[in-house]
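Q: Submitted below is the structure of interest, expressed as structure tokens.
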Amino acid sequence: MIKIIKDGIIVTATDTYSGDILIKDGVISAVGKDFEAENAEIIDAKGKYIFPGGIDPHTHLEMPFGGTVSKDDFETGTIAAAFGGTTTLIDFCLTNKGEPLQNAIDTWHAKSKDKAVIDYSFHLMIGEINQEVLLQLPKVIEKEGITSFKVFMAYKNVFQADDETLFRTLVAAKELGALVMVHAENGDVIEYLTEKALKEGNTEPIYHAKTRPPELEGEATGRAAKLTGLADSQLYVVHVSCAEAVEQIAEARSKGLNVWGETCPQYLVLDQSYLERPNFEGAKYVWSPPLREKWNQDVLWNALKSGQLQTLGSDQCSFDFNGQKDLGRNDFTKIPNGGPIIEDRVSILFSEGVDKGRITLNQFVDIMSTRSAKLFGLYPQKGTIAVGSDADLVIFDPKTERVISEQTHHMAADYNPFEGMKIKGEPVSVLSRGEYVIKDKQFVGKLGNGKYIKRAKYGKQLSIEESVEALQASKS
Ligand code: URP
Ligand code: ZN
Ligand code: ZN
């Protein structure tokens, strides 16, 4: 089936122009003006922007964590993502020490393949690194196309890895062509501060933030960046929340190191005072790293604008307030960390970023899509509007106004941390490989239509032909 999107304003990370997009067999076959084709479906996009589909580089769908499992799975999570203008996500595959990596990857394939309505890929957690793990990594890259490894510097006695593990991962990644991602907080010192707080009877949600001060995020970020320099490797710092971490990334980059940084919508628009909300409502705002003092928001926006931070992840890891977050009613350490963000990631960046003049329209596309495609080996199959790229497209009305609410969102969680926030602009229709997933704000996709995507090595680009071959292979 041929589709022609007519008269939209096409926006990429570099250009803005009015034109038509011709879609054939799921890919963009031409971009130009006044196309005509027999039996083509014509989509009128007058007055609308056409963006490349959003790429969310950071999600935790149906993930066991904090004594429970994150609420949104690959069904509700990908449907909500599509409503929000995201057409590809990369989820974190957790591993267990001593178990074959392939077991963990198979578990993640099993949860996703019949449910996802948009395309997806996986990052792989590295919790230990020894000869056995090292021998498995080339297969992870070649067979699975997983070209990013995640190391946690926090969550002591759960996910936390030591510096030797981080360093060995950086060295291996350099050799194999992978990007190392870190959750950068000093888990050992957090452990000390947490024990002290609990001993002193400080159990409320705000102590989650008080026991994870920004110095500990800055310190871990700087340490990871320095180890990256020593290994001559590449690093991506997830969920950057504060000035201390931005400074470390900027310093590393100023020395020419390959250090990249991601922030999340919650750090751009919410602040630490939310954790003090009465009736345990503060638990809704428990993330690691925690929300920070409000002035950090300007630092993060400026870092996105100046390119010191490059991407926006949702860090989607949702839990119900009733029945999950309240596991920590008497002890903040038992509040599951995370929140439902996937649906509002793109809209918040547009409304608070573009509409309020903090970033340009092209920067918006770069931050919400293109840069993640480039860093994580998806470009140019994903992340742009170009001949041969997948027709993952968002038709976006910049003029609509809406209010975010749990009553109308499509995520499974029973609250929305942005409840009541006014938003300008919204996706009207969303296409994944040329097929509607959202049409006129209604879900019309199909469970299982989302495909697993193998990614290119760090710094390499798959040719369009290789991308198509990889996609055909993943279908069979
Ligand atoms: O609080 C958070 N960020 N939850 C998800 C897990 C992680 O650390 O990314
Ligand atoms: Zn994290
Ligand atoms: Zn995360």
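Identifiers in this document derive from the order of the structure tokens: chains are assigned A, B, ..., residues are numbered from 1 separately in each chain, and ligands are numbered from 1 in order of occurrence.
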Write out as a Markdown table a residue-level contact list of chain A versus ligand 3 with cut-off 7 Å: for each qualifying residue the closest pair of atoms and the distance in Å to one decimal, counting only C-alpha atoms and all ligand atoms, rows sorted by chain and residue number upward.
A:
| residue | atom | partner | partner_atom_place_in_ligand_line | distance |
| --- | --- | --- | --- | --- |
| A:His58 | CA | ligand 3 | 1 (Zn) | 6.1 |
| A:Thr59 | CA | ligand 3 | 1 (Zn) | 6.2 |
| A:His60 | CA | ligand 3 | 1 (Zn) | 6.4 |
| A:Asp315 | CA | ligand 3 | 1 (Zn) | 4.4 |
| A:Gln316 | CA | ligand 3 | 1 (Zn) | 6.9 |
| A:Cys317 | CA | ligand 3 | 1 (Zn) | 7.0 |
Q: Could you pull out the residues sitting within 8 Å of ligand 1, using only C-alpha atoms and all ligand atoms, and write them as an NGL selection string?
A: :A and (58-60 or 65 or 152 or 183 or 238-239 or 286-290 or 315-317 or 336-339)
Q: For A:Ile423, work out the shell of residues within 6 Å, counting only C-alpha atoms and skipping chain neighbours fewer than 3 positions away, then give it as a ChimeraX atom specification.
A: /A:351,401-403
Q: Go ahead and save the residues from that selection, with N, CA and C atoms, as a JSON list (two decimals), in the first residue's frame.
A:
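Dumped everything to again-v2.json:
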[["chain", "number", "residue", "atom", "x", "y", "z"],
["A", 351, "SER", "N", 6.47, 21.11, 24.42],
["A", 351, "SER", "CA", 5.71, 22.19, 25.07],
["A", 351, "SER", "C", 6.62, 23.08, 25.92],
["A", 401, "GLU", "N", -4.11, 22.22, 22.75],
["A", 401, "GLU", "CA", -3.74, 22.33, 24.17],
["A", 401, "GLU", "C", -4.44, 21.22, 24.92],
["A", 402, "ARG", "N", -3.74, 20.64, 25.85],
["A", 402, "ARG", "CA", -4.37, 19.60, 26.67],
["A", 402, "ARG", "C", -3.76, 19.65, 28.06],
["A", 403, "VAL", "N", -4.41, 18.91, 28.97],
["A", 403, "VAL", "CA", -3.91, 18.85, 30.34],
["A", 403, "VAL", "C", -3.58, 17.39, 30.63]]
Q: Please run DSSP on the backbone and report, as a list of chain:residue names, all residues within stretch 11-55 of chain A that come out as strand (DSSP E).
A: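 Across stretch 11-55 of chain A, those assigned strand (DSSP E) are A:Val11, A:Thr16, A:Tyr17, A:Ser18, A:Gly19, A:Asp20, A:Ile21, A:Leu22, A:Ile23, A:Lys24, A:Val27, A:Ile28, A:Ser29, A:Ala30, A:Val31, A:Gly32, A:Glu41, A:Ile42, A:Ile43, A:Asp44, A:Tyr49, A:Ile50, A:Phe51, A:Pro52, A:Gly54, A:Ile55.
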Q: Those residues with N, CA, C and O atoms, as a short mmCIF file (atom, residue, chain, number, x, y, z; two decimals), in the first residue's frame please?
A:
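New file again-v6.cif:
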data_model
loop_
_atom_site.label_atom_id
_atom_site.label_comp_id
_atom_site.auth_asym_id
_atom_site.auth_seq_id
_atom_site.Cartn_x
_atom_site.Cartn_y
_atom_site.Cartn_z
N VAL A 11 10.09 18.18 9.58
CA VAL A 11 11.15 18.67 10.48
C VAL A 11 12.11 17.53 10.77
O VAL A 11 11.70 16.47 11.24
N THR A 16 13.86 22.26 8.19
CA THR A 16 12.41 22.44 8.32
C THR A 16 11.91 22.94 6.98
O THR A 16 12.39 23.97 6.49
N TYR A 17 10.99 22.21 6.34
CA TYR A 17 10.50 22.64 5.03
C TYR A 17 9.13 22.02 4.78
O TYR A 17 8.79 21.00 5.38
N SER A 18 8.39 22.62 3.87
CA SER A 18 7.08 22.04 3.60
C SER A 18 7.20 21.09 2.42
O SER A 18 7.94 21.35 1.46
N GLY A 19 6.52 19.96 2.51
CA GLY A 19 6.65 18.98 1.44
C GLY A 19 5.76 17.78 1.65
O GLY A 19 4.99 17.71 2.60
N ASP A 20 5.92 16.82 0.73
CA ASP A 20 5.14 15.57 0.79
C ASP A 20 6.09 14.40 1.04
O ASP A 20 7.26 14.45 0.64
N ILE A 21 5.55 13.37 1.64
CA ILE A 21 6.34 12.15 1.88
C ILE A 21 5.62 10.98 1.23
O ILE A 21 4.43 10.75 1.50
N LEU A 22 6.34 10.26 0.39
CA LEU A 22 5.77 9.08 -0.28
C LEU A 22 6.27 7.84 0.46
O LEU A 22 7.47 7.65 0.63
N ILE A 23 5.31 7.02 0.88
CA ILE A 23 5.66 5.82 1.66
C ILE A 23 5.27 4.58 0.86
O ILE A 23 4.14 4.46 0.41
N LYS A 24 6.23 3.68 0.74
CA LYS A 24 5.96 2.44 0.00
C LYS A 24 6.64 1.28 0.73
O LYS A 24 7.81 1.41 1.12
N VAL A 27 8.70 1.93 3.97
CA VAL A 27 9.83 2.88 4.04
C VAL A 27 9.48 4.16 3.27
O VAL A 27 8.54 4.21 2.48
N ILE A 28 10.27 5.18 3.53
CA ILE A 28 10.08 6.45 2.84
C ILE A 28 10.70 6.29 1.45
O ILE A 28 11.91 6.05 1.35
N SER A 29 9.88 6.37 0.41
CA SER A 29 10.47 6.13 -0.91
C SER A 29 10.77 7.44 -1.64
O SER A 29 11.55 7.45 -2.60
N ALA A 30 10.17 8.54 -1.20
CA ALA A 30 10.54 9.83 -1.78
C ALA A 30 10.07 10.96 -0.86
O ALA A 30 9.10 10.81 -0.12
N VAL A 31 10.79 12.06 -0.91
CA VAL A 31 10.39 13.27 -0.17
C VAL A 31 10.44 14.39 -1.20
O VAL A 31 11.46 14.57 -1.88
N GLY A 32 9.36 15.10 -1.39
CA GLY A 32 9.35 16.15 -2.41
C GLY A 32 8.05 16.91 -2.44
O GLY A 32 7.52 17.23 -1.38
N GLU A 41 -3.10 6.12 -0.60
CA GLU A 41 -3.89 6.76 0.46
C GLU A 41 -3.28 8.14 0.72
O GLU A 41 -2.08 8.25 0.97
N ILE A 42 -4.09 9.16 0.65
CA ILE A 42 -3.58 10.52 0.85
C ILE A 42 -3.87 10.95 2.29
O ILE A 42 -5.00 10.86 2.77
N ILE A 43 -2.81 11.39 2.96
CA ILE A 43 -2.98 11.88 4.34
C ILE A 43 -2.73 13.38 4.32
O ILE A 43 -1.62 13.83 3.99
N ASP A 44 -3.75 14.13 4.65
CA ASP A 44 -3.61 15.59 4.63
C ASP A 44 -2.96 16.06 5.93
O ASP A 44 -3.50 15.85 7.01
N TYR A 49 3.13 19.47 11.83
CA TYR A 49 4.53 19.08 11.68
C TYR A 49 4.60 17.58 11.41
O TYR A 49 3.79 16.81 11.95
N ILE A 50 5.60 17.18 10.64
CA ILE A 50 5.92 15.75 10.49
C ILE A 50 7.31 15.55 11.09
O ILE A 50 8.30 16.10 10.58
N PHE A 51 7.36 14.79 12.16
CA PHE A 51 8.64 14.49 12.82
C PHE A 51 9.01 13.03 12.56
O PHE A 51 8.11 12.18 12.44
N PRO A 52 10.31 12.71 12.58
CA PRO A 52 10.66 11.28 12.66
C PRO A 52 10.13 10.75 13.99
O PRO A 52 10.09 11.49 14.99
N GLY A 54 9.64 9.33 17.56
CA GLY A 54 10.51 9.48 18.73
C GLY A 54 11.23 8.17 19.05
O GLY A 54 10.71 7.08 18.81
N ILE A 55 12.43 8.31 19.58
CA ILE A 55 13.19 7.13 20.04
C ILE A 55 13.44 7.31 21.53
O ILE A 55 14.10 8.28 21.93
#
Q: Would you mind writing down, as number ranges by chain, each residue of stretch 192-343 of chain A that DSSP on the backbone assigns to alpha helix (DSSP H)?
A: A: 192-199, 206-210, 214-231, 243-254, 265-269, 296-306
Q: Measuring between only C-alpha atoms, which one of A:Leu216, A:Met368, A:Ile2, A:Met153 shows the shortest distance to A:Glu262?
A: A:Met368
Q: Could you give me, as number ranges by chain, the residues within 9 Å of A:Glu419, counting only C-alpha atoms and dropping anything in the same chain fewer than 3 positions from it?
A: A: 403-406, 415-416, 422
Q: For a quick check of understanding, using only C-alpha atoms, which of A:Gln461, A:Gln272, A:Thr211, A:Thr194 has the smallest distance to A:Tyr379?
A: A:Gln461
Q: Separation of atom CA of A:Pro213 and atom CA of A:Asp320, in Å?
A: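 Interatomic distance, atom CA of A:Pro213 to atom CA of A:Asp320: 25.8 Å.
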Q: For A:Leu270, please output as a PyMOL selection string all residues within 10 Å (counting only C-alpha atoms; exclusion window: fewer than 6 positions along the same chain).
A: chain A and resi 285+291-294+297+417-418
Q: For each of A:Ala172, A:Ala154, A:Met181, A:Ile348, take the minimum atom-to-atom distance to A:Glu217, counting only C-alpha atoms, then give the residue where this is smallest.
A: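 Ranked by minimum distance to A:Glu217, first place goes to A:Ala154.
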